[in-house]
Amino acid sequence: MEHKAGFVNIVGNPNVGKSTLMNDLVGERISIITRKAQTTRHRITGIVNTLDYQIVFSDTPGVLKPNYKLQESMLNFSEGALTDADVLLYVTDVVEDPTKNADFLARVAREKVPVLLVINKIDLLKNNGDLDSIIERWKGILPNAEVFPISAQENFNVSNLMNRIVELLPVSPPYFGKDALTDKPARFFVTEIIREKILLNYDKEVPYSVEVIVEKFDESETAIHIMATIFVERDSQKGILIGKGGSMLKKVGTEARKDIEKFFDKRVYLELFVKVEPNWRNRENKLKAFGYVE
């Protein structure tokens with residue numbers, strides 16, 4: 001049997017379950033998942049390898065109208081995913097308005113590559129008739145797409161989707177080493193885990209004003225020593241982030257350390273610092289430094 005390999009890009013609006021689906025398909029927790037919108041900021045790659053094929057999955061930020069420069073670069077990641085896919089997964093769910101972001105959908109409809117329309121969260125539906133009408137409506141918008149109703153949360157119908165993806169892969173040698181799980185460096189996952197804990201522990205503007213940089217990543221046989229800086233835009237956010245007597249920062253640090261230890265299967269010593277970097281989301285040089293702009 002000839003070896004198959006290809007790029008499968010996951011696109012869609014915020015909060016439809018793209019990251020949960022990606023983690024299901026890859027079988028590893030690569031994308032951070034929270035109930036807050038805009039959790040994914042970068043294009044995150046997860047690689048599935050067997051003897052016969054290699055699938056390079058790519059989870060992208062939710063499509064949204066940009067309000068500041070950071071969101072512009074997030075939209076660029078999503079639009080870039082339309083140009084280099086072998087198979088495109090457009091993810092929606094049973095509650096989303098299908099007319100949202102019509103211009104992006106129109107581009108998906110014009111795609112020459114196979115498009116699989118994934119309708120997620122079908123576990124929320126009360127009766128089957130509802131699903132039929134949702135599918136009909138989507139067929140009007142993406143007439144060439146194959147439809148897959150799934151529940152990523154409950155892992156329902158995900159294996160059928162995976163089988164179809166494998167069928168659609170082009171014949172090709174692998175793009176990455178067969179032991180690769182992702183194209184992102186270890187430091188990237190540390191910053192994502194810390195950011196996830198901030199998203200879960202803080203409200204309002206704080207999580208969206210935060211960026212995390214790993215300043216030091218020293219790995220030995222048994223342990224990793226990590227120093228990371230959390231950047232915020234204002235002094236008031238710094239105060240909230242640190243909390244009374246450092247209590248909140250300590251909580252974030254403890255939760256992040258446990259997950260980082262699980263991810264790397266090693267003991268982790270984690271130090272966190274907080275710095276103010278005014279208006280970084282609109283500053284080109286800062287977005288470059290943080291890896292959002294090529």
# chains A, B, ... in the order shown; residues from 1 in each chain; ligands from 1

call {"tool": "residues_around", "arguments": {"residues": "range 241-257 of chain A", "least_positions_apart": "6", "cutoff": "10 Å", "atoms": "only C-alpha atoms", "output": "list in words"}}
result
Val190, Thr191, Glu192, Ile193, Ile194, Arg195, Glu196, Lys197, Ile198, Leu199, Leu200, Asn201, Tyr202, Val206, Pro207, Val210, Ile226, Ile230, Val232, Asp235, Phe263, Arg267, Val268, Tyr269, Leu270, Glu271, Leu272, Phe273 and Val274 of chain A

call {"tool": "residues_around", "arguments": {"residues": "Ile135 in chain A", "least_positions_apart": "3", "cutoff": "9 Å", "atoms": "only C-alpha atoms", "output": "list in words"}}
result
Ile119, Asp130, Leu131, Asp132, Trp138, Lys139, Gly140, Val147 and Pro149 of chain A

call {"tool": "closest_residue", "arguments": {"among": "A:Ser133, A:Val8, A:Ala152, A:Ser159", "to": "Leu89 in chain A", "atoms": "only C-alpha atoms"}}
result
A:Val8

call {"tool": "atom_distance", "arguments": {"atom1": "CA of Val11 in chain A", "atom2": "CA of Tyr90 in chain A"}}
result
5.1 Å

call {"tool": "closest_residue", "arguments": {"among": "A:Leu21, A:Val115, A:Met1, A:Met162", "to": "Asp86 in chain A", "atoms": "only C-alpha atoms"}}
result
A:Val115

call {"tool": "select_by_dssp", "arguments": {"residues": "range 53-227 of chain A", "states": "alpha helix (DSSP H)", "output": "MDAnalysis selection string"}}
result
chainID A and resid 69:83 102:109 128:141 158:168 186:201

call {"tool": "closest_residue", "arguments": {"among": "A:Asp218, A:Lys121, A:Thr229, A:Ser209", "to": "Asn279 in chain A", "atoms": "only C-alpha atoms"}}
result
A:Ser209
